[in-house]
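Q: This one is input_11.txt, compact mmCIF, C-alpha atoms.
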# COMPACT_ATOMS: atom_id res chain seq x y z
CA MET A 24 4.15 17.34 92.64
CA GLN A 25 4.35 18.91 89.18
CA GLN A 26 3.17 16.50 86.51
CA LEU A 27 5.38 15.96 83.46
CA SER A 28 3.44 16.78 80.32
CA ARG A 29 5.45 14.60 77.97
CA SER A 30 6.05 10.86 77.92
CA ILE A 31 8.32 8.52 75.98
CA HIS A 32 7.84 8.49 72.21
CA LEU A 33 9.13 5.43 70.36
CA SER A 34 9.77 5.46 66.62
CA LEU A 35 11.42 3.05 64.19
CA HIS A 36 12.99 3.97 60.86
CA ILE A 37 14.12 1.22 58.48
CA HIS A 38 16.48 2.09 55.62
CA LYS A 39 18.17 0.20 52.84
CA ASP A 40 21.76 0.69 53.93
CA PRO A 41 24.05 2.57 56.37
CA ASP A 42 24.30 5.60 54.08
CA ALA A 43 20.52 6.02 54.02
CA MET A 44 20.50 5.51 57.79
CA ALA A 45 23.07 8.29 58.13
CA GLU A 46 20.86 10.69 56.16
CA ARG A 47 17.88 9.96 58.41
CA ALA A 48 19.95 10.24 61.59
CA ALA A 49 21.49 13.53 60.43
CA HIS A 50 18.06 15.08 59.88
CA ILE A 51 16.86 13.83 63.27
CA LEU A 52 19.96 15.31 64.87
CA ALA A 53 19.53 18.61 63.04
CA ALA A 54 15.91 18.93 64.17
CA ALA A 55 16.87 18.20 67.78
CA CYS A 56 19.69 20.71 67.51
CA ASP A 57 17.38 23.44 66.17
CA GLU A 58 14.93 22.87 69.02
CA ALA A 59 17.63 22.83 71.69
CA VAL A 60 19.40 25.95 70.45
CA SER A 61 16.11 27.79 70.07
CA GLU A 62 14.97 26.90 73.60
CA ARG A 63 18.24 26.73 75.55
CA GLY A 64 20.96 28.24 73.38
CA VAL A 65 23.05 25.06 73.22
CA PHE A 66 22.79 21.51 71.87
CA ARG A 67 24.48 18.93 74.09
CA MET A 68 24.94 15.47 72.64
CA ALA A 69 26.86 12.38 73.67
CA ILE A 70 28.21 10.06 70.98
CA SER A 71 29.29 6.43 70.97
CA GLY A 72 31.97 4.46 69.19
CA GLY A 73 32.07 1.42 66.96
CA LYS A 74 31.63 1.25 63.20
CA THR A 75 27.91 2.00 63.00
CA PRO A 76 28.04 5.81 63.52
CA LEU A 77 30.97 6.35 61.11
CA PRO A 78 28.77 6.98 58.03
CA LEU A 79 26.90 9.60 60.07
CA PHE A 80 30.14 11.24 61.16
CA ARG A 81 31.38 11.32 57.57
CA LEU A 82 28.10 12.80 56.37
CA LEU A 83 28.15 15.55 59.01
CA SER A 84 31.75 16.38 58.05
CA ARG A 85 30.67 17.34 54.51
CA LYS A 86 30.64 21.04 53.79
CA ASP A 87 26.87 21.23 53.30
CA TRP A 88 26.31 19.81 56.78
CA THR A 89 29.21 21.71 58.28
CA ASP A 90 27.58 24.92 57.05
CA ALA A 91 24.07 23.85 58.06
CA LEU A 92 24.66 23.16 61.75
CA PRO A 93 25.52 25.81 64.39
CA TRP A 94 28.73 24.16 65.55
CA ASP A 95 29.56 27.07 67.84
CA LYS A 96 26.48 26.10 69.87
CA ILE A 97 27.09 22.33 69.89
CA SER A 98 28.78 20.59 72.80
CA VAL A 99 29.97 17.03 72.20
CA PHE A 100 30.43 14.48 74.97
CA TRP A 101 30.98 10.73 74.91
CA ALA A 102 28.64 7.96 76.04
CA ASP A 103 31.53 5.54 76.52
CA GLU A 104 35.20 5.00 75.84
CA ARG A 105 37.75 2.25 75.68
CA CYS A 106 40.66 2.63 78.05
CA CYS A 107 43.41 3.34 75.55
CA SER A 108 45.33 6.30 74.18
CA PRO A 109 43.44 8.72 71.90
CA ASP A 110 45.59 7.70 68.93
CA ASP A 111 44.74 4.01 69.37
CA PRO A 112 42.52 2.70 66.51
CA ALA A 113 40.06 1.49 69.17
CA SER A 114 39.58 4.94 70.71
CA ASN A 115 36.03 6.26 70.36
CA TYR A 116 37.35 9.80 70.68
CA GLY A 117 40.07 9.13 68.13
CA ASN A 118 37.61 7.84 65.54
CA ALA A 119 35.18 10.70 66.10
CA HIS A 120 37.99 13.24 65.80
CA LYS A 121 39.34 11.61 62.65
CA GLU A 122 35.98 11.29 60.91
CA LEU A 123 34.11 14.36 62.17
CA LEU A 124 35.58 16.78 64.70
CA SER A 125 38.68 17.59 62.69
CA TYR A 126 36.43 18.86 59.87
CA VAL A 127 33.96 21.01 61.78
CA PRO A 128 34.39 24.26 63.77
CA CYS A 129 33.32 22.63 67.02
CA THR A 130 35.43 23.74 69.96
CA SER A 131 33.25 22.46 72.82
CA TYR A 132 33.97 18.76 73.07
CA TYR A 133 34.84 16.81 76.17
CA ARG A 134 36.50 13.46 75.74
CA MET A 135 36.62 10.68 78.26
CA ARG A 136 40.26 10.22 79.27
CA GLY A 137 40.77 6.62 78.30
CA ASP A 138 44.51 7.12 78.70
CA LEU A 139 44.22 7.70 82.47
CA ASP A 140 43.73 5.22 85.27
CA PRO A 141 40.13 4.02 84.67
CA GLU A 142 38.83 4.87 88.14
CA LYS A 143 40.38 8.33 87.99
CA ALA A 144 39.09 8.88 84.46
CA ALA A 145 35.51 8.01 85.45
CA LEU A 146 35.55 10.36 88.43
CA GLU A 147 37.11 13.12 86.34
CA TYR A 148 34.45 12.80 83.64
CA GLU A 149 31.70 12.83 86.22
CA GLN A 150 33.10 16.10 87.52
CA THR A 151 33.21 17.44 83.96
CA LEU A 152 29.51 16.67 83.56
CA ARG A 153 28.66 18.29 86.88
CA LYS A 154 30.54 21.44 85.88
CA GLU A 155 29.30 21.75 82.30
CA PHE A 156 25.65 21.03 83.21
CA MET A 157 25.93 23.07 86.44
CA LEU A 158 24.48 20.20 88.45
CA LYS A 159 23.55 20.36 92.07
CA GLU A 160 24.09 17.40 94.38
CA GLY A 161 21.95 14.48 93.28
CA GLU A 162 21.05 15.97 89.89
CA ILE A 163 21.53 14.11 86.61
CA PRO A 164 22.61 15.75 83.35
CA ARG A 165 19.93 16.02 80.68
CA PHE A 166 21.45 15.59 77.25
CA ASP A 167 19.55 16.78 74.23
CA MET A 168 20.60 13.63 72.37
CA ILE A 169 22.60 10.50 73.10
CA LEU A 170 23.72 8.51 70.05
CA LEU A 171 23.86 4.79 70.80
CA GLY A 172 24.58 1.50 69.08
CA MET A 173 23.77 -2.06 70.04
CA GLY A 174 25.92 -5.18 69.99
CA GLU A 175 24.86 -8.72 69.12
CA ASP A 176 24.65 -9.39 72.86
CA GLY A 177 22.32 -6.43 73.40
CA HIS A 178 24.94 -4.19 75.02
CA THR A 179 24.82 -0.45 74.50
CA ALA A 180 27.40 2.22 75.34
CA SER A 181 29.68 0.04 77.50
CA LEU A 182 26.86 -1.48 79.52
CA PHE A 183 27.02 -5.24 79.02
CA PRO A 184 24.58 -8.04 79.93
CA ASN A 185 24.74 -9.20 83.57
CA SER A 186 27.13 -6.39 84.49
CA PRO A 187 26.83 -4.83 87.97
CA ALA A 188 27.00 -1.51 86.11
CA LEU A 189 23.35 -1.99 85.10
CA TYR A 190 22.34 -1.49 88.71
CA THR A 191 24.44 1.60 89.42
CA ARG A 192 22.19 4.48 90.41
CA ASP A 193 24.51 6.77 92.39
CA ARG A 194 27.06 7.54 89.68
CA LEU A 195 26.98 9.37 86.35
CA VAL A 196 30.08 7.68 84.93
CA ILE A 197 31.70 4.41 85.92
CA ASP A 198 34.74 2.38 85.00
CA GLN A 199 34.60 -1.37 84.68
CA TYR A 200 36.57 -4.30 83.39
CA VAL A 201 34.66 -6.06 80.62
CA PRO A 202 35.73 -9.72 80.42
CA GLU A 203 33.99 -10.18 77.06
CA ARG A 204 36.22 -7.50 75.56
CA GLY A 205 39.33 -8.15 77.62
CA GLY A 206 39.75 -4.55 78.71
CA ASP A 207 38.55 -1.63 80.79
CA ARG A 208 35.77 0.68 79.66
CA LEU A 209 34.29 3.99 80.77
CA THR A 210 30.57 4.52 80.35
CA LEU A 211 27.65 6.75 81.22
CA THR A 212 25.22 4.97 83.53
CA LEU A 213 21.61 4.09 82.83
CA PRO A 214 20.20 7.01 84.87
CA VAL A 215 22.07 9.39 82.56
CA LEU A 216 20.95 7.63 79.38
CA ASN A 217 17.36 7.58 80.54
CA ASN A 218 17.38 11.27 81.42
CA SER A 219 18.14 12.29 77.84
CA ARG A 220 15.62 14.20 75.77
CA CYS A 221 16.36 11.77 72.94
CA CYS A 222 18.16 8.44 72.70
CA LEU A 223 18.95 7.58 69.08
CA PHE A 224 19.94 3.98 68.37
CA MET A 225 21.64 3.05 65.10
CA VAL A 226 21.81 -0.67 64.29
CA THR A 227 23.11 -2.48 61.21
CA GLY A 228 23.63 -6.08 60.11
CA LYS A 229 21.58 -9.26 59.84
CA GLU A 230 23.53 -10.74 62.74
CA LYS A 231 21.69 -8.30 65.02
CA HIS A 232 18.21 -9.19 63.79
CA SER A 233 17.24 -11.44 66.69
CA VAL A 234 18.48 -9.06 69.39
CA LEU A 235 16.85 -6.10 67.60
CA HIS A 236 13.54 -7.99 67.50
CA ARG A 237 13.85 -8.58 71.22
CA ALA A 238 14.80 -4.97 71.95
CA LEU A 239 11.77 -3.68 70.05
CA ASN A 240 9.36 -6.16 71.64
CA LEU A 241 7.71 -4.11 74.37
CA LEU A 242 6.18 -7.27 75.83
CA ASP A 243 9.55 -8.98 76.31
CA LYS A 244 11.03 -8.92 79.79
CA PRO A 245 13.62 -6.08 79.79
CA GLU A 246 16.90 -7.77 80.61
CA LEU A 247 19.33 -6.68 77.91
CA PRO A 248 21.08 -3.34 78.42
CA ALA A 249 19.53 -1.88 75.26
CA GLN A 250 16.06 -2.81 76.56
CA LEU A 251 16.75 -0.85 79.73
CA VAL A 252 17.15 2.39 77.80
CA HIS A 253 13.71 3.97 77.92
CA PRO A 254 13.76 7.70 78.76
CA PRO A 255 10.49 8.35 80.62
CA VAL A 256 10.35 11.93 79.38
CA GLY A 257 11.98 11.82 75.99
CA ASP A 258 12.16 10.22 72.57
CA LEU A 259 13.48 6.74 71.83
CA ILE A 260 14.38 6.48 68.16
CA TRP A 261 15.69 3.44 66.31
CA VAL A 262 17.29 3.86 62.89
CA VAL A 263 18.15 0.45 61.42
CA ASP A 264 19.06 -1.06 58.09
CA GLU A 265 17.00 -3.66 56.24
CA ASN A 266 19.41 -6.46 57.15
CA ALA A 267 18.94 -5.83 60.88
CA ALA A 268 15.17 -5.45 60.44
CA THR A 269 14.62 -8.58 58.33
CA GLY A 270 17.62 -10.79 59.07
CA GLY A 271 18.67 -10.49 55.45
CA LYS A 272 15.57 -12.27 54.13
Is it possible to express this structure as structure tokens?

A:
Amino acid sequence: MQQLSRSIHLSLHIHKDPDAMAERAAHILAAACDEAVSERGVFRMAISGGKTPLPLFRLLSRKDWTDALPWDKISVFWADERCCSPDDPASNYGNAHKELLSYVPCTSYYRMRGDLDPEKAALEYEQTLRKEFMLKEGEIPRFDMILLGMGEDGHTASLFPNSPALYTRDRLVIDQYVPERGGDRLTLTLPVLNNSRCCLFMVTGKEKHSVLHRALNLLDKPELPAQLVHPPVGDLIWVVDENAATGGK
């Protein structure tokens, strides 16, 4: 069996505020994009929702960043989506389009259809991934970067604590009802997250200090969804603000 020459690389970057975090994340993204385009001709990334990535989206929508990145070679996918219409304020696609995609010349983006029946939407997105990554049976897509956040309960994408979704190994995308949020969600599964060349977590707020401490403790038993993200052949990068890192002390 061919031995993999590269193993997981974990790094932590602590910044004063979300704007400084956005700067760091943008440069990490740009470096990953340069490497991917140089080696494979395309940069495939999956993005998440919530408030945390919005400063990054707004930064990338500025003209200097719009001009700096090869948007014609960037393909944007989603790590998860709420089951709602794209014009709903809760839509991950809607927020990304409003804050970023409507400002950049990116034509290759593939939204999760949160406005469809959840089961149908999950199967349709799985087929989209198989087509765009030209996957054979049993293969898993390898994203160049997956942008993730983390909730106070340790959830990431739409993988929540104690969810059966954490044990799904035969699907790329699943739909599930999330009682804690009172609605249906679509999400990439852990095998897809862990096959990425880079998983970039962005975390803000002192209320997430305790769960962040647990997520970064390599000796802690991995039970939370965020702890289960550990690409065996890729980079795991955490970009956090001082409040999350210190608890506001």

Q: Find the residue from A:Glu203, A:Gly257, A:Leu241, A:Asp95 that sits nearest to Asn185 in chain A; use all atoms listed in the file when measuring.

A: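 Smallest distance to Asn185 in chain A is found for A:Glu203.
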
Q: Using CA of Ser131 in chain A and CA of Val256 in chain A as the two end points, give the distance in Å to one decimal.

A: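 It comes out at 26.0 Å.
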
Q: Check the smallest atom-to-atom distance from each of A:Glu155, A:Asp40, A:Asp243, A:Asp140 to Val226 in chain A using only C-alpha atoms, then report the winner.

A: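 Looking only at the distances to Val226 in chain A, the closest residue turns out to be A:Asp40.
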
Q: Counting only C-alpha atoms, write as a VMD selection string all protein and nucleic acid residues lying at most 12 Å from (32.1, 14.5, 88.6) in the file's frame.

A: chain A and resid 135 142 to 164 193 to 197 211

Q: If you count all atoms listed in the file, which residues fall within 7 Å of range 268-272 of chain A, apart from same-chain ones fewer than 2 positions away, as a PyMOL selection string?

A: chain A and resi 229-230+232+263-266

Q: Pick from A:Phe66, A:Trp101, A:Tyr116, A:Phe80: nearest to Asp42 in chain A, with all atoms listed in the file counted?

A: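 Checking each candidate against Asp42 in chain A, we get A:Phe80 as the closest.
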
Q: Provide the CA of Arg47 in chain A to CA of Cys222 in chain A distance in Å, to one decimal place.

A: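 CA of Cys222 in chain A lies at a distance of 14.4 Å from CA of Arg47 in chain A.
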
Q: Choose the residue, out of A:Met168, A:Val127, A:Ala238, A:Leu182, that has the smallest atom-to-atom separation from Val65 in chain A; count only C-alpha atoms.

A: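 Closest to Val65 in chain A, using only C-alpha atoms: A:Met168.
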
Q: Between A:His178, A:Arg134, A:Arg165, A:Arg192, which is the closest to Phe224 in chain A once you count only C-alpha atoms?

A: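 Smallest separation from Phe224 in chain A among the options: A:His178.
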